[in-house]
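Source file: input-v5.csv; contents: CSV, C-alpha atoms.
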chain,number,residue,atom,x,y,z
F,1,MET,CA,31.6,-2.1,121.9
F,2,LEU,CA,27.9,-1.9,122.5
F,3,ARG,CA,27.5,0.3,119.5
F,4,TYR,CA,29.1,-2.2,117.2
F,5,PHE,CA,26.8,-4.9,118.6
F,6,ILE,CA,23.8,-2.8,117.9
F,7,LEU,CA,24.9,-2.1,114.4
F,8,LEU,CA,25.5,-5.8,113.8
F,9,VAL,CA,22.1,-6.7,115.1
F,10,LEU,CA,20.5,-4.0,112.9
F,11,PHE,CA,22.3,-5.1,109.8
F,12,ALA,CA,21.5,-8.7,110.5
F,13,GLY,CA,17.8,-7.9,110.9
F,14,PHE,CA,17.8,-5.9,107.6
F,15,SER,CA,19.5,-8.8,105.7
F,16,LEU,CA,16.9,-11.2,107.0
F,17,HIS,CA,14.1,-9.2,105.4
F,18,SER,CA,15.7,-8.1,102.2
F,19,ASP,CA,15.7,-9.6,98.8
F,20,ALA,CA,18.3,-9.3,96.1
F,21,GLN,CA,16.9,-6.2,94.5
F,22,SER,CA,15.7,-3.9,97.3
F,23,THR,CA,14.3,-3.7,100.8
F,24,THR,CA,11.0,-2.1,101.5
F,25,ALA,CA,10.8,-3.0,105.2
F,26,ILE,CA,10.9,-0.2,107.8
F,27,TRP,CA,12.2,-0.7,111.3
F,28,GLY,CA,10.9,1.4,114.1
F,29,ILE,CA,13.5,1.5,116.9
F,30,ASP,CA,13.0,2.9,120.4
F,31,PHE,CA,15.7,3.2,123.1
F,32,VAL,CA,14.3,2.9,126.7
F,33,LYS,CA,16.0,4.1,129.8
F,34,CYS,CA,15.0,2.5,133.1
F,35,ARG,CA,14.5,4.7,136.2
F,36,ALA,CA,16.5,3.8,139.3
F,37,ASP,CA,15.5,0.4,140.7
F,38,HIS,CA,12.5,-0.2,138.5
F,39,ARG,CA,14.1,-2.7,136.0
F,40,ALA,CA,11.8,-5.6,137.0
F,41,GLU,CA,8.7,-3.4,136.5
F,42,MET,CA,10.0,-2.2,133.2
F,43,LEU,CA,10.6,-5.7,131.9
F,44,PHE,CA,7.2,-6.8,133.2
F,45,TYR,CA,5.5,-4.0,131.3
F,46,TYR,CA,7.2,-4.6,128.0
F,47,GLN,CA,6.8,-8.4,128.2
F,48,ASN,CA,3.1,-8.1,129.2
F,49,ASN,CA,2.0,-5.1,127.1
F,50,TRP,CA,4.4,-4.1,124.4
F,51,LYS,CA,5.1,-7.7,123.3
F,52,VAL,CA,1.4,-8.7,123.5
F,53,TYR,CA,0.5,-5.8,121.2
F,54,ARG,CA,3.2,-6.8,118.7
F,55,ASP,CA,2.1,-10.5,118.8
F,56,SER,CA,-1.4,-9.4,117.8
F,57,MET,CA,-0.1,-7.1,115.1
F,58,LEU,CA,2.1,-9.9,113.8
F,59,GLU,CA,-0.9,-12.3,113.6
F,60,ARG,CA,-2.9,-9.6,111.7
F,61,GLY,CA,0.0,-9.0,109.2
F,62,PHE,CA,0.4,-5.4,110.2
F,63,ILE,CA,4.1,-5.9,111.2
F,64,SER,CA,6.5,-8.5,109.9
F,65,ALA,CA,8.8,-8.9,113.0
F,66,TYR,CA,9.7,-7.4,116.4
F,67,GLU,CA,12.5,-7.8,118.9
F,68,ILE,CA,13.2,-6.7,122.5
F,69,LEU,CA,16.9,-6.4,123.2
F,70,GLU,CA,17.8,-6.1,126.9
F,71,THR,CA,21.1,-4.4,127.5
F,72,LYS,CA,23.2,-3.0,130.3
F,73,ALA,CA,23.3,0.7,130.2
F,74,ASP,CA,26.2,2.0,128.2
F,75,SER,CA,28.9,4.2,129.7
F,76,ALA,CA,26.7,7.3,129.2
F,77,GLY,CA,23.7,5.4,130.7
F,78,ASN,CA,21.5,6.2,127.8
F,79,PHE,CA,19.3,3.1,127.5
F,80,ASP,CA,18.5,-0.3,129.0
F,81,LEU,CA,16.2,-1.7,126.3
F,82,ILE,CA,16.0,-1.6,122.5
F,83,LEU,CA,12.5,-2.1,121.1
F,84,MET,CA,12.4,-2.9,117.4
F,85,THR,CA,9.3,-3.3,115.2
F,86,CYS,CA,9.6,-4.2,111.6
F,87,TYR,CA,6.9,-3.0,109.2
F,88,PRO,CA,6.5,-4.6,105.8
F,89,ASP,CA,6.6,-1.2,104.0
F,90,SER,CA,6.3,2.5,104.5
F,91,MET,CA,2.5,2.4,104.2
F,92,ALA,CA,2.2,-0.1,107.1
F,93,TRP,CA,4.5,2.1,109.2
F,94,LYS,CA,2.4,5.2,108.4
F,95,GLU,CA,-0.8,3.4,109.4
F,96,SER,CA,0.6,1.8,112.5
F,97,GLU,CA,-1.2,4.1,115.0
F,98,ALA,CA,-4.5,3.3,113.3
F,99,HIS,CA,-3.7,-0.4,113.4
F,100,PHE,CA,-2.6,-0.3,117.1
F,101,ALA,CA,-5.6,1.7,118.4
F,102,PRO,CA,-8.2,-1.1,118.4
F,103,ILE,CA,-5.7,-3.5,119.9
F,104,MET,CA,-4.8,-1.2,122.8
F,105,LYS,CA,-8.4,-0.5,123.9
Would you give me this structure, written as structure tokens?
Amino acid sequence: MLRYFILLVLFAGFSLHSDAQSTTAIWGIDFVKCRADHRAEMLFYYQNNWKVYRDSMLERGFISAYEILETKADSAGNFDLILMTCYPDSMAWKESEAHFAPIMK
């Protein structure tokens, strides 16, 4: 069931950023597994670091969207968070480390 939900979210995200001819947006997706009883710390980190960096990148036009999806671990316990970052095109994705470096200092 969770897999279908993830696919639905991904396709919905792609459709929001596509035009009638083609899509050039690139989504970077990370799956995060929380260790033991550290969920609060994990959420604090991603809300106060990962999200802040994305807000700055969004303001500068280096990314076009981002999303944090909190989940309950699936039956295999593979992940608890899905971190999604949308880059306007492949060049922005390739240059993402260079763009993030000054923000993270």
Counting only C-alpha atoms, the residue of F:Thr71, F:Cys86, F:Asn78, F:Ser56 that sits nearest F:His99: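 Closest to F:His99 of all the choices is F:Ser56.
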For atom CA of F:Ala65 and atom CA of F:Thr24, the interatomic separation in Å (one decimal):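 That distance, rounded to one decimal, is 13.5 Å.
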Atom pair atom CA of F:Ser90 / atom CA of F:Glu59: separation (Å):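 Separation of atom CA of F:Ser90 and atom CA of F:Glu59: 18.8 Å.
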Atom-to-atom span, atom CA of F:Met42 and atom CA of F:Gly28, Å: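 Interatomic distance, atom CA of F:Met42 to atom CA of F:Gly28: 19.5 Å.
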Residue nearest F:Ala36 - candidates F:Met104, F:Gly77, F:Arg60, F:Trp50, atoms counted: all atoms listed in the file: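 Between F:Met104, F:Gly77, F:Arg60, F:Trp50, the residue approaching F:Ala36 most closely is F:Gly77.
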Counting all atoms listed in the file, the option among F:Met57, F:Lys51, F:Lys72, F:Ile103 closest to F:Pro88: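 With all atoms listed in the file as the atom set, the closest residue is F:Met57.
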Contacts of F:Trp27 within 8 Å, only C-alpha atoms, excl. fewer than 3 positions in-chain, as a PyMOL selection string: chain F and resi 84-87
Using only C-alpha atoms: which of F:Lys33, F:Phe62, F:Ala92, F:Asn49 has the shortest distance to F:Lys105: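 Looking at the shortest contact to F:Lys105, the residue is F:Asn49.
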Given only C-alpha atoms as the counted atoms, nearest of F:Tyr46, F:Ser64, F:Ala40, F:Leu69 to F:Trp93: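 Ranking F:Tyr46, F:Ser64, F:Ala40, F:Leu69 by distance to F:Trp93, first place goes to F:Ser64.
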Within 10 Å of F:Glu70 using only C-alpha atoms, minus same-chain residues under 2 positions, as a list in words: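 Close residues of F:Glu70: Val32, Leu43, Glu67, Ile68, Lys72, Ala73, Phe79, Asp80, Leu81, Ile82 and Leu83 of chain F.
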Could you please take those selected residues and save C-alpha atoms as a CSV table (one decimal), keeping the file's coordinate frame?
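Okay, again.csv is ready:
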chain,number,residue,atom,x,y,z
F,32,VAL,CA,14.3,2.9,126.7
F,43,LEU,CA,10.6,-5.7,131.9
F,67,GLU,CA,12.5,-7.8,118.9
F,68,ILE,CA,13.2,-6.7,122.5
F,72,LYS,CA,23.2,-3.0,130.3
F,73,ALA,CA,23.3,0.7,130.2
F,79,PHE,CA,19.3,3.1,127.5
F,80,ASP,CA,18.5,-0.3,129.0
F,81,LEU,CA,16.2,-1.7,126.3
F,82,ILE,CA,16.0,-1.6,122.5
F,83,LEU,CA,12.5,-2.1,121.1
Rebuild N, CA and C atoms on stretch 58-84 of chain F, as a short mmCIF file (atom, residue, chain, number, x, y, z; two decimals), in the frame of the given file?
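Result saved to result.cif:
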data_model
loop_
_atom_site.label_atom_id
_atom_site.label_comp_id
_atom_site.auth_asym_id
_atom_site.auth_seq_id
_atom_site.Cartn_x
_atom_site.Cartn_y
_atom_site.Cartn_z
N LEU F 58 1.42 -8.90 114.61
CA LEU F 58 2.10 -9.90 113.80
C LEU F 58 1.06 -10.87 113.20
N GLU F 59 0.15 -11.34 114.04
CA GLU F 59 -0.90 -12.30 113.60
C GLU F 59 -1.78 -11.64 112.52
N ARG F 60 -2.03 -10.35 112.62
CA ARG F 60 -2.90 -9.60 111.70
C ARG F 60 -2.14 -9.20 110.41
N GLY F 61 -0.82 -9.37 110.40
CA GLY F 61 0.00 -9.00 109.20
C GLY F 61 0.33 -7.54 109.12
N PHE F 62 0.11 -6.77 110.19
CA PHE F 62 0.40 -5.40 110.20
C PHE F 62 1.92 -5.09 110.39
N ILE F 63 2.61 -6.02 111.04
CA ILE F 63 4.10 -5.90 111.20
C ILE F 63 4.63 -7.28 110.73
N SER F 64 5.92 -7.29 110.41
CA SER F 64 6.50 -8.50 109.90
C SER F 64 7.49 -9.14 110.96
N ALA F 65 7.88 -8.37 111.99
CA ALA F 65 8.80 -8.90 113.00
C ALA F 65 8.87 -7.86 114.15
N TYR F 66 9.37 -8.31 115.29
CA TYR F 66 9.70 -7.40 116.40
C TYR F 66 10.74 -8.05 117.26
N GLU F 67 11.39 -7.24 118.06
CA GLU F 67 12.50 -7.80 118.90
C GLU F 67 12.60 -6.83 120.13
N ILE F 68 12.82 -7.44 121.30
CA ILE F 68 13.20 -6.70 122.50
C ILE F 68 14.59 -7.10 122.86
N LEU F 69 15.49 -6.14 122.88
CA LEU F 69 16.90 -6.40 123.20
C LEU F 69 17.17 -5.77 124.58
N GLU F 70 17.49 -6.60 125.55
CA GLU F 70 17.80 -6.10 126.90
C GLU F 70 19.33 -5.88 126.94
N THR F 71 19.72 -4.72 127.42
CA THR F 71 21.10 -4.40 127.50
C THR F 71 21.45 -3.87 128.89
N LYS F 72 22.71 -3.80 129.17
CA LYS F 72 23.20 -3.00 130.30
C LYS F 72 23.42 -1.64 129.82
N ALA F 73 23.12 -0.65 130.62
CA ALA F 73 23.30 0.70 130.20
C ALA F 73 24.73 0.95 129.75
N ASP F 74 24.89 1.68 128.66
CA ASP F 74 26.20 2.00 128.20
C ASP F 74 26.91 2.96 129.13
N SER F 75 28.13 3.34 128.84
CA SER F 75 28.90 4.20 129.70
C SER F 75 28.21 5.54 129.99
N ALA F 76 27.43 6.01 129.05
CA ALA F 76 26.70 7.30 129.20
C ALA F 76 25.34 6.99 129.91
N GLY F 77 24.98 5.71 130.08
CA GLY F 77 23.70 5.40 130.70
C GLY F 77 22.50 5.75 129.93
N ASN F 78 22.60 5.69 128.61
CA ASN F 78 21.50 6.20 127.80
C ASN F 78 20.30 5.29 127.66
N PHE F 79 20.47 3.98 127.70
CA PHE F 79 19.30 3.10 127.50
C PHE F 79 19.58 1.72 128.11
N ASP F 80 18.47 1.01 128.41
CA ASP F 80 18.50 -0.30 129.00
C ASP F 80 17.82 -1.35 128.07
N LEU F 81 16.91 -0.88 127.22
CA LEU F 81 16.20 -1.70 126.30
C LEU F 81 16.19 -1.12 124.92
N ILE F 82 16.21 -1.99 123.92
CA ILE F 82 16.00 -1.60 122.50
C ILE F 82 14.79 -2.30 122.05
N LEU F 83 13.78 -1.54 121.64
CA LEU F 83 12.50 -2.10 121.10
C LEU F 83 12.49 -1.92 119.64
N MET F 84 12.37 -3.00 118.90
CA MET F 84 12.40 -2.90 117.40
C MET F 84 11.14 -3.53 116.86
#
